[in-house]
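Student: One structure, as structure tokens, below. Some questions next.
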Amino acid sequence: MLRIGLTGSMATGKTTVLNQCANMGVPTYSADEAVHELYRGEAVPMVEAMFPGTVRDGKVDRQALSAQLAENPERISELETLIHPLVWEKTLEFLDEAQARGMAVAVVEIPLLFETGANYPLDCIIVTHCSDEIQRQRALKRAGMDPERLDMLLSRQMSQEEKKQRGDFLIDTSGAIEQTRARTEEIIKELWVEPEKCE
């Protein structure tokens with residue numbers, strides 16, 4: 001089975017690309033969804049122990065956690081050290097299950113793939129990118145986002161240029177959403193027919 005990683009900086013269209021892959025019948029998995037699962041399940045007691053007062057009604061309150069991290073941004077690395085290995089395990093489970101079902105291709109979205117340095121068993125990597133101006137416009141439309149928080153988050157991510165250099169396939173999402181979907185479909189179809197292009 002061809003194991004494809006999808007990554008890119010925040011607000012560069014990863015969700016659009018992942019949704020298009022799913023629309024094509026490709027099994028997909030999102031590391032962000034894995035985090036949501038963990039915050040409702042096994043990570044709850046660990047997060048509460050590390051950040052007291054962030055659990056409400058048996059699950060991690062993301063707003064309360066974000067508020068604590070905004071006051072102590074240096075602690076983000078502590079949270080990442082806790083969560084990333086758990087996400088890695090869930091992602092591997094998904095890939096193994098997809099392969100056991102006889103799927104030819106599977107795509108996993110991992111926003112911090114390059115930053116975390118996790119050893120994911122991937123055959124190739126698709127990187128989404130867009131202009132810095134469009135990225136900021138998109139990001140600032142998100143709930144709870146402001147310029148200061150955005151700058152802090154971007155400072156913890158590898159530059160778009162470096163990610164582009166590390167990717168095997170690039171998707172420029174600066175244009176219309178239809179263009180992004182078309183480019184996604186083109187890449188997936190190409191790899192479906194010629195998986196050796198990932199080698």
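For the structure tokens, the naming scheme is as follows: chains receive sequential letters (A, B, ...) according to their order of presentation, residues are indexed from 1 within each chain, and ligands are indexed from 1 in presentation order.
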If we count only C-alpha atoms and set the cut-off at 8 Å, which residues sit around Ala106 of chain A, ignoring sequence neighbours fewer than 3 positions away in its own chain? Please answer as a list in words.
Tutor: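 Non-adjacent residues within range: Met1, Leu2, Arg3, Ile4, Val26, Pro27, Thr28, Leu95, Ala98 and Met103 of chain A.
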Student: List the spatial neighbours of Asn19 of chain A as a list of chain:residue names - criterion: any atom at most 12 Å away, only C-alpha atoms, same-chain residues fewer than 3 positions off excluded.
Tutor: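 Residues near the query, excluding close chain neighbours: A:Leu6, A:Gly13, A:Lys14, A:Thr15, A:Thr16, A:Ala22, A:Asn23, A:Met24, A:Gly25, A:Val26, A:Pro27, A:Thr28, A:Tyr29, A:Ser30, A:Val107, A:Val108, A:Glu109, A:Ile177, A:Thr180, A:Arg181, A:Thr184, A:Glu185.
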Student: For the residues in that selection, give me N, CA and C atoms as a PDB file, in the first residue's frame.
Tutor:
```pdb
ATOM      1  N   LEU A   6       0.570  14.061   4.223  1.00  0.00           N
ATOM      2  CA  LEU A   6       0.114  15.386   3.803  1.00  0.00           C
ATOM      3  C   LEU A   6       0.477  16.373   4.893  1.00  0.00           C
ATOM      4  N   GLY A  13      -4.452  25.056   3.457  1.00  0.00           N
ATOM      5  CA  GLY A  13      -5.361  24.231   2.671  1.00  0.00           C
ATOM      6  C   GLY A  13      -5.261  22.730   2.846  1.00  0.00           C
ATOM      7  N   LYS A  14      -4.657  22.265   3.935  1.00  0.00           N
ATOM      8  CA  LYS A  14      -4.501  20.818   4.134  1.00  0.00           C
ATOM      9  C   LYS A  14      -5.857  20.108   4.222  1.00  0.00           C
ATOM     10  N   THR A  15      -6.809  20.731   4.926  1.00  0.00           N
ATOM     11  CA  THR A  15      -8.115  20.094   5.099  1.00  0.00           C
ATOM     12  C   THR A  15      -8.829  19.939   3.762  1.00  0.00           C
ATOM     13  N   THR A  16      -8.729  20.947   2.910  1.00  0.00           N
ATOM     14  CA  THR A  16      -9.348  20.871   1.576  1.00  0.00           C
ATOM     15  C   THR A  16      -8.768  19.707   0.783  1.00  0.00           C
ATOM     16  N   ALA A  22     -10.493  12.008   0.329  1.00  0.00           N
ATOM     17  CA  ALA A  22     -11.582  11.173   0.846  1.00  0.00           C
ATOM     18  C   ALA A  22     -12.702  11.060  -0.188  1.00  0.00           C
ATOM     19  N   ASN A  23     -12.989  12.165  -0.877  1.00  0.00           N
ATOM     20  CA  ASN A  23     -14.027  12.148  -1.904  1.00  0.00           C
ATOM     21  C   ASN A  23     -13.677  11.193  -3.046  1.00  0.00           C
ATOM     22  N   MET A  24     -12.387  10.947  -3.237  1.00  0.00           N
ATOM     23  CA  MET A  24     -11.926  10.035  -4.290  1.00  0.00           C
ATOM     24  C   MET A  24     -11.919   8.580  -3.823  1.00  0.00           C
ATOM     25  N   GLY A  25     -12.319   8.359  -2.572  1.00  0.00           N
ATOM     26  CA  GLY A  25     -12.352   6.999  -2.053  1.00  0.00           C
ATOM     27  C   GLY A  25     -11.066   6.548  -1.397  1.00  0.00           C
ATOM     28  N   VAL A  26     -10.163   7.489  -1.158  1.00  0.00           N
ATOM     29  CA  VAL A  26      -8.887   7.157  -0.501  1.00  0.00           C
ATOM     30  C   VAL A  26      -9.084   7.195   1.019  1.00  0.00           C
ATOM     31  N   PRO A  27      -8.640   6.180   1.755  1.00  0.00           N
ATOM     32  CA  PRO A  27      -8.706   6.242   3.218  1.00  0.00           C
ATOM     33  C   PRO A  27      -7.844   7.406   3.717  1.00  0.00           C
ATOM     34  N   THR A  28      -8.399   8.228   4.592  1.00  0.00           N
ATOM     35  CA  THR A  28      -7.661   9.386   5.096  1.00  0.00           C
ATOM     36  C   THR A  28      -7.693   9.413   6.618  1.00  0.00           C
ATOM     37  N   TYR A  29      -6.690  10.061   7.186  1.00  0.00           N
ATOM     38  CA  TYR A  29      -6.613  10.199   8.639  1.00  0.00           C
ATOM     39  C   TYR A  29      -5.970  11.536   8.956  1.00  0.00           C
ATOM     40  N   SER A  30      -6.478  12.208   9.962  1.00  0.00           N
ATOM     41  CA  SER A  30      -5.969  13.516  10.344  1.00  0.00           C
ATOM     42  C   SER A  30      -5.373  13.474  11.746  1.00  0.00           C
ATOM     43  N   VAL A 107      -3.866   8.214   2.887  1.00  0.00           N
ATOM     44  CA  VAL A 107      -3.273   9.539   3.120  1.00  0.00           C
ATOM     45  C   VAL A 107      -3.450   9.927   4.579  1.00  0.00           C
ATOM     46  N   VAL A 108      -2.364  10.369   5.205  1.00  0.00           N
ATOM     47  CA  VAL A 108      -2.432  10.848   6.586  1.00  0.00           C
ATOM     48  C   VAL A 108      -1.978  12.301   6.626  1.00  0.00           C
ATOM     49  N   GLU A 109      -2.799  13.143   7.258  1.00  0.00           N
ATOM     50  CA  GLU A 109      -2.461  14.557   7.390  1.00  0.00           C
ATOM     51  C   GLU A 109      -1.748  14.772   8.721  1.00  0.00           C
ATOM     52  N   ILE A 177     -10.646  27.239  -4.814  1.00  0.00           N
ATOM     53  CA  ILE A 177     -10.687  25.920  -4.190  1.00  0.00           C
ATOM     54  C   ILE A 177     -10.802  24.817  -5.242  1.00  0.00           C
ATOM     55  N   THR A 180      -7.375  23.772  -6.311  1.00  0.00           N
ATOM     56  CA  THR A 180      -6.734  22.922  -5.300  1.00  0.00           C
ATOM     57  C   THR A 180      -7.248  21.492  -5.414  1.00  0.00           C
ATOM     58  N   ARG A 181      -8.564  21.355  -5.572  1.00  0.00           N
ATOM     59  CA  ARG A 181      -9.154  20.014  -5.694  1.00  0.00           C
ATOM     60  C   ARG A 181      -8.663  19.312  -6.953  1.00  0.00           C
ATOM     61  N   THR A 184      -5.082  18.159  -6.498  1.00  0.00           N
ATOM     62  CA  THR A 184      -5.074  16.996  -5.601  1.00  0.00           C
ATOM     63  C   THR A 184      -5.445  15.739  -6.375  1.00  0.00           C
ATOM     64  N   GLU A 185      -6.518  15.824  -7.134  1.00  0.00           N
ATOM     65  CA  GLU A 185      -6.989  14.677  -7.899  1.00  0.00           C
ATOM     66  C   GLU A 185      -5.923  14.216  -8.896  1.00  0.00           C
TER      67      GLU A 185
END
```
Student: Under the rule that only C-alpha atoms are counted, which of A:Ile125, A:Met158, A:Ile76, A:Leu69 is the nearest residue to Ile187 of chain A?
Tutor: A:Ile125
Student: Kindly indicate which residue among A:Thr91, A:Gln20, A:Ser9, A:Thr54 lies nearest to Tyr120 of chain A, using only C-alpha atoms for the distances.
Tutor: A:Thr91
Student: Return the single residue from A:Leu38, A:Val60, A:Ala70, A:Val17 that is closest to Gly144 of chain A, with distances computed using only C-alpha atoms.
Tutor: A:Ala70
Student: Rank A:Val105, A:Ala118, A:Leu112, A:Val35 by their smallest atom-to-atom distance to Ile83 of chain A, using only C-alpha atoms, and report the top residue only.
Tutor: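 Nearest candidate to Ile83 of chain A out of A:Val105, A:Ala118, A:Leu112, A:Val35: A:Val35.
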Student: Between atom CA of Phe51 of chain A and atom CA of Arg156 of chain A, what is the spacing in Å?
Tutor: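 Between atom CA of Arg156 of chain A and atom CA of Phe51 of chain A the gap is 20.4 Å.
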Student: In Å, with one decimal, what is the gap from atom CA of Arg56 of chain A to atom CA of Pro111 of chain A?
Tutor: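 These two atoms are separated by 26.3 Å.
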Student: Report, in Å with one decimal, the straight-line distance from atom CA of Met10 of chain A to atom CA of Leu153 of chain A.
Tutor: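 Spanning atom CA of Met10 of chain A to atom CA of Leu153 of chain A is a straight-line distance of 8.7 Å.
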